[in-house]
$ cat final.cif   # mmCIF, C-alpha atoms
data_start
#
loop_
_atom_site.group_PDB
_atom_site.id
_atom_site.type_symbol
_atom_site.label_atom_id
_atom_site.label_comp_id
_atom_site.auth_asym_id
_atom_site.auth_seq_id
_atom_site.Cartn_x
_atom_site.Cartn_y
_atom_site.Cartn_z
ATOM 1 C CA MET A 1 -7.338 12.577 -13.055
ATOM 2 C CA LEU A 2 -3.909 11.889 -14.531
ATOM 3 C CA GLU A 3 -3.195 14.609 -17.046
ATOM 4 C CA VAL A 4 -2.813 13.767 -20.739
ATOM 5 C CA HIS A 5 0.926 14.545 -20.716
ATOM 6 C CA VAL A 6 1.677 11.665 -18.328
ATOM 7 C CA ASN A 7 3.675 9.838 -21.010
ATOM 8 C CA PHE A 8 6.717 7.634 -20.519
ATOM 9 C CA VAL A 9 8.212 4.296 -21.610
ATOM 10 C CA VAL A 10 9.450 1.629 -19.192
ATOM 11 C CA LEU A 11 12.207 -0.814 -20.099
ATOM 12 C CA ASP A 12 13.327 -3.939 -18.268
ATOM 13 C CA VAL A 13 15.819 -6.657 -19.208
ATOM 14 C CA GLU A 14 17.003 -10.014 -17.922
ATOM 15 C CA THR A 15 20.602 -11.143 -18.336
ATOM 16 C CA ALA A 16 22.218 -14.516 -18.944
ATOM 17 C CA ASN A 17 25.138 -14.021 -16.553
ATOM 18 C CA PRO A 18 26.736 -11.352 -14.318
ATOM 19 C CA ASP A 19 27.904 -9.412 -17.403
ATOM 20 C CA LEU A 20 25.169 -6.799 -17.880
ATOM 21 C CA SER A 21 25.647 -6.849 -21.657
ATOM 22 C CA SER A 22 24.371 -10.461 -21.768
ATOM 23 C CA ILE A 23 20.709 -9.482 -22.283
ATOM 24 C CA CYS A 24 18.506 -12.552 -22.805
ATOM 25 C CA GLN A 25 15.066 -10.911 -22.571
ATOM 26 C CA VAL A 26 13.753 -7.382 -23.043
ATOM 27 C CA GLY A 27 10.340 -5.922 -22.236
ATOM 28 C CA VAL A 28 9.032 -2.451 -23.077
ATOM 29 C CA ALA A 29 5.790 -0.943 -21.740
ATOM 30 C CA VAL A 30 4.613 2.319 -23.311
ATOM 31 C CA PHE A 31 2.393 4.547 -21.154
ATOM 32 C CA ARG A 32 0.322 7.272 -22.804
ATOM 33 C CA ASN A 33 -2.205 9.591 -21.173
ATOM 34 C CA GLY A 34 -1.696 7.884 -17.830
ATOM 35 C CA ALA A 35 -2.367 4.303 -18.995
ATOM 36 C CA ILE A 36 -0.509 1.489 -20.731
ATOM 37 C CA ASN A 37 -0.807 2.030 -24.468
ATOM 38 C CA ASN A 38 1.582 -0.438 -26.069
ATOM 39 C CA LYS A 39 3.870 -3.259 -25.008
ATOM 40 C CA TRP A 40 6.564 -5.324 -26.652
ATOM 41 C CA GLU A 41 8.801 -8.134 -25.488
ATOM 42 C CA SER A 42 11.298 -10.570 -26.939
ATOM 43 C CA LEU A 43 13.740 -13.222 -25.889
ATOM 44 C CA ILE A 44 17.275 -12.286 -26.913
ATOM 45 C CA ASN A 45 20.140 -14.577 -27.870
ATOM 46 C CA PRO A 46 23.021 -13.044 -25.879
ATOM 47 C CA GLN A 47 25.616 -15.082 -27.751
ATOM 48 C CA ASP A 48 27.089 -15.747 -24.344
ATOM 49 C CA GLU A 49 27.017 -18.367 -21.602
ATOM 50 C CA PHE A 50 24.140 -18.749 -19.142
ATOM 51 C CA HIS A 51 25.062 -18.798 -15.484
ATOM 52 C CA PRO A 52 23.023 -21.239 -13.342
ATOM 53 C CA ILE A 53 22.147 -18.519 -10.818
ATOM 54 C CA ASN A 54 20.676 -16.266 -13.512
ATOM 55 C CA VAL A 55 18.730 -19.173 -15.006
ATOM 56 C CA SER A 56 17.336 -20.013 -11.567
ATOM 57 C CA ILE A 57 16.020 -16.460 -11.269
ATOM 58 C CA HIS A 58 14.291 -15.974 -14.627
ATOM 59 C CA GLY A 59 14.095 -19.511 -16.046
ATOM 60 C CA ILE A 60 15.612 -18.603 -19.424
ATOM 61 C CA ASP A 61 18.396 -20.819 -20.770
ATOM 62 C CA GLU A 62 20.368 -21.544 -23.963
ATOM 63 C CA GLU A 63 17.611 -23.731 -25.390
ATOM 64 C CA ALA A 64 14.980 -21.017 -24.926
ATOM 65 C CA VAL A 65 16.937 -18.422 -26.919
ATOM 66 C CA LYS A 66 18.610 -20.525 -29.604
ATOM 67 C CA ASN A 67 16.301 -19.134 -32.321
ATOM 68 C CA ALA A 68 15.821 -15.704 -30.747
ATOM 69 C CA PRO A 69 17.169 -12.480 -32.268
ATOM 70 C CA THR A 70 20.410 -10.971 -30.996
ATOM 71 C CA TRP A 71 20.450 -7.560 -29.340
ATOM 72 C CA ALA A 72 21.587 -6.074 -32.645
ATOM 73 C CA ASP A 73 18.544 -7.609 -34.351
ATOM 74 C CA ALA A 74 16.097 -6.376 -31.695
ATOM 75 C CA PHE A 75 17.670 -2.974 -31.241
ATOM 76 C CA PRO A 76 15.757 -1.117 -34.011
ATOM 77 C CA VAL A 77 12.432 -1.972 -32.351
ATOM 78 C CA VAL A 78 13.641 -1.085 -28.843
ATOM 79 C CA SER A 79 15.156 2.152 -30.108
ATOM 80 C CA SER A 80 11.991 3.178 -31.947
ATOM 81 C CA LEU A 81 9.894 2.681 -28.792
ATOM 82 C CA LEU A 82 12.188 4.688 -26.519
ATOM 83 C CA ARG A 83 13.467 7.401 -28.839
ATOM 84 C CA ASP A 84 12.900 10.964 -27.520
ATOM 85 C CA SER A 85 10.886 9.685 -24.556
ATOM 86 C CA ILE A 86 11.187 9.659 -20.786
ATOM 87 C CA ALA A 87 12.717 6.194 -20.434
ATOM 88 C CA VAL A 88 12.041 4.569 -17.069
ATOM 89 C CA SER A 89 13.909 1.731 -15.387
ATOM 90 C CA HIS A 90 13.641 0.529 -11.796
ATOM 91 C CA THR A 91 17.204 1.002 -10.484
ATOM 92 C CA PRO A 92 19.987 1.884 -12.951
ATOM 93 C CA PHE A 93 20.964 -1.688 -13.871
ATOM 94 C CA ASP A 94 18.673 -1.999 -16.897
ATOM 95 C CA ARG A 95 19.890 1.323 -18.268
ATOM 96 C CA VAL A 96 23.503 0.212 -17.894
ATOM 97 C CA ALA A 97 22.672 -3.179 -19.453
ATOM 98 C CA VAL A 98 21.286 -1.682 -22.685
ATOM 99 C CA THR A 99 24.194 0.758 -22.862
ATOM 100 C CA ARG A 100 26.682 -2.078 -22.458
ATOM 101 C CA ALA A 101 24.879 -4.249 -25.026
ATOM 102 C CA CYS A 102 24.970 -1.364 -27.510
ATOM 103 C CA GLU A 103 28.692 -0.925 -26.909
ATOM 104 C CA ARG A 104 29.207 -4.648 -27.459
ATOM 105 C CA TYR A 105 27.479 -4.545 -30.847
ATOM 106 C CA LYS A 106 28.757 -1.057 -31.721
ATOM 107 C CA LEU A 107 25.243 0.422 -31.781
ATOM 108 C CA GLU A 108 24.421 4.032 -30.969
ATOM 109 C CA TRP A 109 21.777 4.272 -28.234
ATOM 110 C CA CYS A 110 18.779 6.474 -29.030
ATOM 111 C CA SER A 111 18.176 9.877 -27.484
ATOM 112 C CA CYS A 112 16.001 9.701 -24.361
ATOM 113 C CA ARG A 113 15.879 10.961 -20.787
ATOM 114 C CA TRP A 114 16.286 8.286 -18.135
ATOM 115 C CA LEU A 115 14.170 8.259 -14.969
ATOM 116 C CA ASP A 116 14.926 5.762 -12.186
ATOM 117 C CA SER A 117 11.577 4.711 -10.672
ATOM 118 C CA ALA A 118 13.322 3.357 -7.567
ATOM 119 C CA ARG A 119 14.557 6.889 -6.842
ATOM 120 C CA VAL A 120 11.007 8.134 -7.384
ATOM 121 C CA VAL A 121 9.653 5.618 -4.861
ATOM 122 C CA ARG A 122 12.213 6.680 -2.246
ATOM 123 C CA ARG A 123 11.052 10.295 -2.517
ATOM 124 C CA ALA A 124 7.326 9.735 -2.987
ATOM 125 C CA TRP A 125 6.768 7.538 0.086
ATOM 126 C CA PRO A 126 8.788 8.046 3.296
ATOM 127 C CA ILE A 127 8.284 4.378 4.231
ATOM 128 C CA PHE A 128 10.618 3.432 1.333
ATOM 129 C CA SER A 129 13.127 6.260 1.715
ATOM 130 C CA GLN A 130 15.886 4.084 3.188
ATOM 131 C CA SER A 131 14.952 0.494 2.329
ATOM 132 C CA GLY A 132 12.325 -1.750 0.794
ATOM 133 C CA PHE A 133 12.155 0.128 -2.511
ATOM 134 C CA GLY A 134 12.828 -2.971 -4.642
ATOM 135 C CA LEU A 135 10.183 -3.616 -7.287
ATOM 136 C CA SER A 136 8.756 -6.758 -5.676
ATOM 137 C CA ASN A 137 8.403 -5.216 -2.216
ATOM 138 C CA VAL A 138 6.759 -2.026 -3.508
ATOM 139 C CA ALA A 139 4.386 -4.060 -5.701
ATOM 140 C CA THR A 140 3.398 -6.159 -2.690
ATOM 141 C CA HIS A 141 2.793 -3.021 -0.617
ATOM 142 C CA PHE A 142 0.416 -1.625 -3.262
ATOM 143 C CA CYS A 143 -1.119 -5.030 -4.107
ATOM 144 C CA ILE A 144 0.050 -4.853 -7.721
ATOM 145 C CA GLN A 145 -0.121 -8.314 -9.282
ATOM 146 C CA TYR A 146 2.695 -9.193 -11.658
ATOM 147 C CA ARG A 147 5.013 -12.034 -12.633
ATOM 148 C CA GLU A 148 8.411 -11.286 -11.154
ATOM 149 C CA HIS A 149 11.574 -11.544 -13.295
ATOM 150 C CA ASP A 150 9.664 -11.464 -16.573
ATOM 151 C CA ALA A 151 10.964 -8.414 -18.432
ATOM 152 C CA LEU A 152 7.610 -7.145 -19.721
ATOM 153 C CA GLU A 153 5.830 -7.796 -16.426
ATOM 154 C CA ASP A 154 8.586 -5.988 -14.511
ATOM 155 C CA ALA A 155 8.306 -3.038 -16.921
ATOM 156 C CA ARG A 156 4.518 -2.881 -16.551
ATOM 157 C CA CYS A 157 4.764 -3.029 -12.769
ATOM 158 C CA ALA A 158 7.361 -0.253 -12.601
ATOM 159 C CA GLY A 159 5.113 1.876 -14.828
ATOM 160 C CA GLU A 160 2.102 1.353 -12.579
ATOM 161 C CA ILE A 161 4.172 2.310 -9.534
ATOM 162 C CA LEU A 162 5.316 5.501 -11.270
ATOM 163 C CA LEU A 163 1.686 6.363 -12.061
ATOM 164 C CA ARG A 164 0.853 5.984 -8.365
ATOM 165 C CA ALA A 165 3.739 8.269 -7.397
ATOM 166 C CA ILE A 166 2.520 10.870 -9.884
ATOM 167 C CA ALA A 167 -1.014 10.676 -8.493
ATOM 168 C CA GLU A 168 0.200 10.705 -4.888
ATOM 169 C CA THR A 169 2.506 13.722 -5.189
ATOM 170 C CA GLY A 170 1.051 15.745 -8.041
ATOM 171 C CA LEU A 171 4.472 15.812 -9.722
ATOM 172 C CA SER A 172 4.425 14.978 -13.433
ATOM 173 C CA ALA A 173 6.940 12.615 -15.031
ATOM 174 C CA GLU A 174 8.769 15.705 -16.317
ATOM 175 C CA GLU A 175 8.915 17.142 -12.801
ATOM 176 C CA TRP A 176 10.125 13.835 -11.390
ATOM 177 C CA LEU A 177 13.164 14.064 -13.689
ATOM 178 C CA LYS A 178 14.225 17.063 -11.590
ATOM 179 C CA ARG A 179 12.944 15.830 -8.225
ATOM 180 C CA VAL A 180 15.022 12.623 -8.263
ATOM 181 C CA GLU A 181 18.162 14.745 -8.516
ATOM 182 C CA GLN A 182 17.277 16.496 -5.258
ATOM 183 C CA PRO A 183 17.891 15.104 -1.741
ATOM 184 C CA ILE A 184 15.251 12.712 -0.456
ATOM 185 C CA GLY A 185 14.282 15.098 2.335
ATOM 186 C CA CYS A 186 13.933 18.012 -0.065
ATOM 187 C CA SER A 187 10.486 19.555 -0.097
ATOM 188 C CA GLY A 188 8.493 18.776 -3.256
ATOM 189 C CA ALA A 189 4.828 19.082 -4.166
ATOM 190 C CA GLN A 190 3.886 16.702 -1.386
ATOM 191 C CA GLY A 191 5.889 18.801 1.083
ATOM 192 C CA ILE A 192 3.753 21.946 0.791
ATOM 193 C CA ARG A 193 2.729 23.010 4.285
ATOM 194 C CA GLN A 194 0.995 26.299 5.070
ATOM 195 C CA ASN A 195 -0.838 27.909 7.962
ATOM 196 C CA GLY A 196 -4.317 29.223 7.327
ATOM 197 C CA ASN A 197 -5.559 32.789 7.323
ATOM 198 C CA ALA A 198 -6.963 33.308 10.839
ATOM 199 C CA ASP A 199 -9.755 35.466 9.413
ATOM 200 C CA GLY A 200 -10.747 32.947 6.746
ATOM 201 C CA PRO A 201 -14.157 31.269 6.922
ATOM 202 C CA LEU A 202 -12.550 27.810 6.887
ATOM 203 C CA PHE A 203 -10.129 28.559 9.728
ATOM 204 C CA GLY A 204 -9.643 25.459 11.882
ATOM 205 C CA GLU A 205 -9.831 23.012 8.999
ATOM 206 C CA VAL A 206 -6.698 20.889 8.480
ATOM 207 C CA LEU A 207 -6.454 19.996 4.796
ATOM 208 C CA VAL A 208 -4.388 17.454 2.846
ATOM 209 C CA PHE A 209 -4.173 16.981 -0.935
ATOM 210 C CA THR A 210 -3.821 13.662 -2.768
ATOM 211 C CA GLY A 211 -4.093 12.534 -6.378
ATOM 212 C CA THR A 212 -3.413 14.609 -9.487
ATOM 213 C CA LEU A 213 -5.093 17.995 -9.475
ATOM 214 C CA SER A 214 -5.964 20.169 -12.461
ATOM 215 C CA MET A 215 -4.071 23.054 -10.845
ATOM 216 C CA PRO A 216 -0.529 23.156 -9.415
ATOM 217 C CA ARG A 217 -0.351 22.004 -5.791
ATOM 218 C CA ARG A 218 1.146 25.329 -4.740
ATOM 219 C CA THR A 219 -1.800 27.221 -6.250
ATOM 220 C CA ALA A 220 -4.284 24.908 -4.537
ATOM 221 C CA ALA A 221 -2.455 25.251 -1.201
ATOM 222 C CA ASP A 222 -2.424 29.044 -1.478
ATOM 223 C CA ALA A 223 -6.174 29.097 -2.141
ATOM 224 C CA ALA A 224 -6.879 26.793 0.801
ATOM 225 C CA ALA A 225 -4.676 28.823 3.160
ATOM 226 C CA ASP A 226 -6.347 32.068 2.080
ATOM 227 C CA ALA A 227 -9.698 30.504 3.005
ATOM 228 C CA GLY A 228 -8.330 29.654 6.460
ATOM 229 C CA CYS A 229 -7.255 26.016 6.101
ATOM 230 C CA ARG A 230 -4.021 24.719 7.532
ATOM 231 C CA VAL A 231 -2.441 22.758 4.684
ATOM 232 C CA ASP A 232 -0.601 19.654 5.848
ATOM 233 C CA THR A 233 1.569 17.099 4.039
ATOM 234 C CA GLY A 234 0.029 13.866 5.303
ATOM 235 C CA VAL A 235 -3.139 12.465 6.843
ATOM 236 C CA THR A 236 -2.980 12.450 10.656
ATOM 237 C CA LYS A 237 -5.318 12.509 13.656
ATOM 238 C CA ASP A 238 -5.643 16.269 13.063
ATOM 239 C CA THR A 239 -6.835 16.036 9.443
ATOM 240 C CA THR A 240 -10.372 17.271 8.745
ATOM 241 C CA LEU A 241 -10.362 17.604 4.936
ATOM 242 C CA LEU A 242 -8.850 15.370 2.241
ATOM 243 C CA ILE A 243 -8.965 16.837 -1.271
ATOM 244 C CA VAL A 244 -8.696 14.214 -4.017
ATOM 245 C CA GLY A 245 -8.237 14.609 -7.773
ATOM 246 C CA ASP A 246 -11.650 14.257 -9.437
ATOM 247 C CA GLU A 247 -11.016 10.894 -11.110
ATOM 248 C CA ASP A 248 -9.180 9.462 -8.094
ATOM 249 C CA VAL A 249 -12.114 10.178 -5.773
ATOM 250 C CA ARG A 250 -14.392 7.992 -7.905
ATOM 251 C CA ARG A 251 -12.208 4.920 -7.684
ATOM 252 C CA LEU A 252 -13.939 2.108 -5.832
ATOM 253 C CA ALA A 253 -11.181 -0.506 -5.481
ATOM 254 C CA GLY A 254 -9.230 0.355 -2.372
ATOM 255 C CA HIS A 255 -5.910 -0.637 -3.897
ATOM 256 C CA ASP A 256 -6.324 1.995 -6.598
ATOM 257 C CA LYS A 257 -6.515 4.749 -4.012
ATOM 258 C CA SER A 258 -3.523 6.639 -2.718
ATOM 259 C CA THR A 259 -1.950 5.889 0.645
ATOM 260 C CA LYS A 260 -3.400 9.136 2.017
ATOM 261 C CA HIS A 261 -6.880 8.261 0.739
ATOM 262 C CA ARG A 262 -6.797 4.820 2.343
ATOM 263 C CA LYS A 263 -5.454 6.190 5.627
ATOM 264 C CA ALA A 264 -8.229 8.805 5.728
ATOM 265 C CA GLU A 265 -10.857 6.110 5.190
ATOM 266 C CA ASP A 266 -9.323 4.012 7.977
ATOM 267 C CA LEU A 267 -9.488 6.986 10.354
ATOM 268 C CA ILE A 268 -13.083 7.743 9.315
ATOM 269 C CA ALA A 269 -13.995 4.124 10.102
ATOM 270 C CA LYS A 270 -12.501 4.650 13.571
ATOM 271 C CA GLY A 271 -14.645 7.725 14.148
ATOM 272 C CA GLN A 272 -12.429 10.615 13.024
ATOM 273 C CA PRO A 273 -14.517 13.324 11.290
ATOM 274 C CA ILE A 274 -12.673 13.683 7.973
ATOM 275 C CA ARG A 275 -14.536 15.022 4.954
ATOM 276 C CA ILE A 276 -13.315 13.738 1.570
ATOM 277 C CA LEU A 277 -13.905 16.168 -1.298
ATOM 278 C CA ALA A 278 -13.269 15.964 -5.026
ATOM 279 C CA GLU A 279 -11.087 18.762 -6.354
ATOM 280 C CA SER A 280 -13.993 20.316 -8.284
ATOM 281 C CA ASP A 281 -16.010 20.614 -5.061
ATOM 282 C CA PHE A 282 -12.970 21.973 -3.217
ATOM 283 C CA ARG A 283 -12.610 24.693 -5.845
ATOM 284 C CA ARG A 284 -16.245 25.702 -5.440
ATOM 285 C CA VAL A 285 -16.004 25.794 -1.645
ATOM 286 C CA VAL A 286 -12.724 27.709 -1.582
ATOM 287 C CA LEU A 287 -13.659 30.187 -4.315
ATOM 288 C CA ARG A 288 -16.930 30.947 -2.577
ATOM 289 C CA SER A 289 -15.180 31.293 0.762
ATOM 290 C CA ASN A 290 -12.474 33.564 -0.637
ATOM 291 C CA ALA A 291 -15.108 35.688 -2.381
ATOM 292 C CA ALA A 292 -16.891 36.111 0.955
ATOM 293 C CA VAL A 293 -13.649 37.216 2.602
ATOM 294 C CA GLY A 294 -13.061 39.728 -0.173
ATOM 295 C CA GLY A 295 -16.496 41.202 0.336
ATOM 296 C CA CYS A 296 -16.043 41.946 4.051
#
$ encode --input "final.cif" --output "structure tokens"
Amino acid sequence: MLEVHVNFVVLDVETANPDLSSICQVGVAVFRNGAINNKWESLINPQDEFHPINVSIHGIDEEAVKNAPTWADAFPVVSSLLRDSIAVSHTPFDRVAVTRACERYKLEWCSCRWLDSARVVRRAWPIFSQSGFGLSNVATHFCIQYREHDALEDARCAGEILLRAIAETGLSAEEWLKRVEQPIGCSGAQGIRQNGNADGPLFGEVLVFTGTLSMPRRTAADAAADAGCRVDTGVTKDTTLLIVGDEDVRRLAGHDKSTKHRKAEDLIAKGQPIRILAESDFRRVVLRSNAAVGGC
């Protein structure tokens, strides 16, 4: 289950021309307790020209924004939604756009901590580490339906992708602020790998974690290794146990499951003996096993 502190705000903008300060639409999606809680969008009159290429991308032109507020008019609402939050944008362009628009209108941007969800994607899933981490491609990979190049829809989609990364790796939004500053190959929560205690009652089991756990991944990995499990980073032909966060294990729609969960189910369908356990059951099994070891 996504923990209650999974809170962040996603911002996306569209621009009228190559000048990033020429914002013509803004969308803000507020995520609280691991789900979308509030959303706001507005067309913006950039008081600038519209380039045909930009119009062909998002469909917004001079006529559409002639009665829309300027960035200075909309800024108080945007600022109130993002103030003191983890502010998410997919790639740095939206962050630079709002900064440039504020400079243009001599507005002071609110205090927030920026998190680039594209950098999160590159570290959460090796398949996107070098390419393919654009919003549209990642959404297609995870079967997330959204309307591309609409500011609010882009913001919602980026937020849903971040939620998946949090569930997949066990890293909170706060922890991702630090993780994105580390090299892509750097070991994070998903990189925990340990050999099992040869005397443990579960020796021979090869275990993988997925979803958000109620305990830190390192603590869970230590407990599993003490019981004899080899803790691995990804589901392979050697995997025998997949431990899933309690809420994640109950999800029925395949697209809501993590990549590891879906891969395990594919291997099970092909005959590989993988047992999928909810975290609560894992805790009971491991605690009982460790207690038995302690009593020898």
$ atom_distance --input "final.cif" --atom1 "CA of Gly159 (chain A)" --atom2 "CA of Leu135 (chain A)"
10.6 Å
$ closest_residue --input "final.cif" --among "A:Ile144, A:Val26, A:Ile274, A:Val138" --to "Val77 (chain A)" --atoms "all atoms listed in the file"
A:Val26
$ resolve_selection --input "final.cif" --expression "the PyMOL selection byres ((chain A and resi 48) around 9)" --output "count of residues only"
9
$ resolve_selection --input "final.cif" --expression "the PyMOL selection byres ((chain A and resi 25) around 8)" --output "mmCIF file with C-alpha atoms, keeping the file's coordinate frame"
data_model
loop_
_atom_site.group_PDB
_atom_site.id
_atom_site.type_symbol
_atom_site.label_atom_id
_atom_site.label_comp_id
_atom_site.auth_asym_id
_atom_site.auth_seq_id
_atom_site.Cartn_x
_atom_site.Cartn_y
_atom_site.Cartn_z
ATOM 1 C CA VAL A 13 15.819 -6.657 -19.208
ATOM 2 C CA GLU A 14 17.003 -10.014 -17.922
ATOM 3 C CA THR A 15 20.602 -11.143 -18.336
ATOM 4 C CA ILE A 23 20.709 -9.482 -22.283
ATOM 5 C CA CYS A 24 18.506 -12.552 -22.805
ATOM 6 C CA VAL A 26 13.753 -7.382 -23.043
ATOM 7 C CA GLY A 27 10.340 -5.922 -22.236
ATOM 8 C CA GLU A 41 8.801 -8.134 -25.488
ATOM 9 C CA SER A 42 11.298 -10.570 -26.939
ATOM 10 C CA LEU A 43 13.740 -13.222 -25.889
ATOM 11 C CA ILE A 44 17.275 -12.286 -26.913
ATOM 12 C CA ALA A 151 10.964 -8.414 -18.432
#
$ resolve_selection --input "final.cif" --expression "the PyMOL selection byres ((chain A and resi 166) around 10)" --output "PDB file with C-alpha atoms, keeping the file's coordinate frame"
ATOM      1  CA  LEU A   2      -3.909  11.889 -14.531  1.00  0.00           C
ATOM      2  CA  GLU A   3      -3.195  14.609 -17.046  1.00  0.00           C
ATOM      3  CA  VAL A   6       1.677  11.665 -18.328  1.00  0.00           C
ATOM      4  CA  GLY A  34      -1.696   7.884 -17.830  1.00  0.00           C
ATOM      5  CA  VAL A 120      11.007   8.134  -7.384  1.00  0.00           C
ATOM      6  CA  ALA A 124       7.326   9.735  -2.987  1.00  0.00           C
ATOM      7  CA  GLU A 160       2.102   1.353 -12.579  1.00  0.00           C
ATOM      8  CA  ILE A 161       4.172   2.310  -9.534  1.00  0.00           C
ATOM      9  CA  LEU A 162       5.316   5.501 -11.270  1.00  0.00           C
ATOM     10  CA  LEU A 163       1.686   6.363 -12.061  1.00  0.00           C
ATOM     11  CA  ARG A 164       0.853   5.984  -8.365  1.00  0.00           C
ATOM     12  CA  ALA A 165       3.739   8.269  -7.397  1.00  0.00           C
ATOM     13  CA  ALA A 167      -1.014  10.676  -8.493  1.00  0.00           C
ATOM     14  CA  GLU A 168       0.200  10.705  -4.888  1.00  0.00           C
ATOM     15  CA  THR A 169       2.506  13.722  -5.189  1.00  0.00           C
ATOM     16  CA  GLY A 170       1.051  15.745  -8.041  1.00  0.00           C
ATOM     17  CA  LEU A 171       4.472  15.812  -9.722  1.00  0.00           C
ATOM     18  CA  SER A 172       4.425  14.978 -13.433  1.00  0.00           C
ATOM     19  CA  ALA A 173       6.940  12.615 -15.031  1.00  0.00           C
ATOM     20  CA  GLU A 175       8.915  17.142 -12.801  1.00  0.00           C
ATOM     21  CA  TRP A 176      10.125  13.835 -11.390  1.00  0.00           C
ATOM     22  CA  THR A 210      -3.821  13.662  -2.768  1.00  0.00           C
ATOM     23  CA  GLY A 211      -4.093  12.534  -6.378  1.00  0.00           C
ATOM     24  CA  THR A 212      -3.413  14.609  -9.487  1.00  0.00           C
TER      25      THR A 212
END
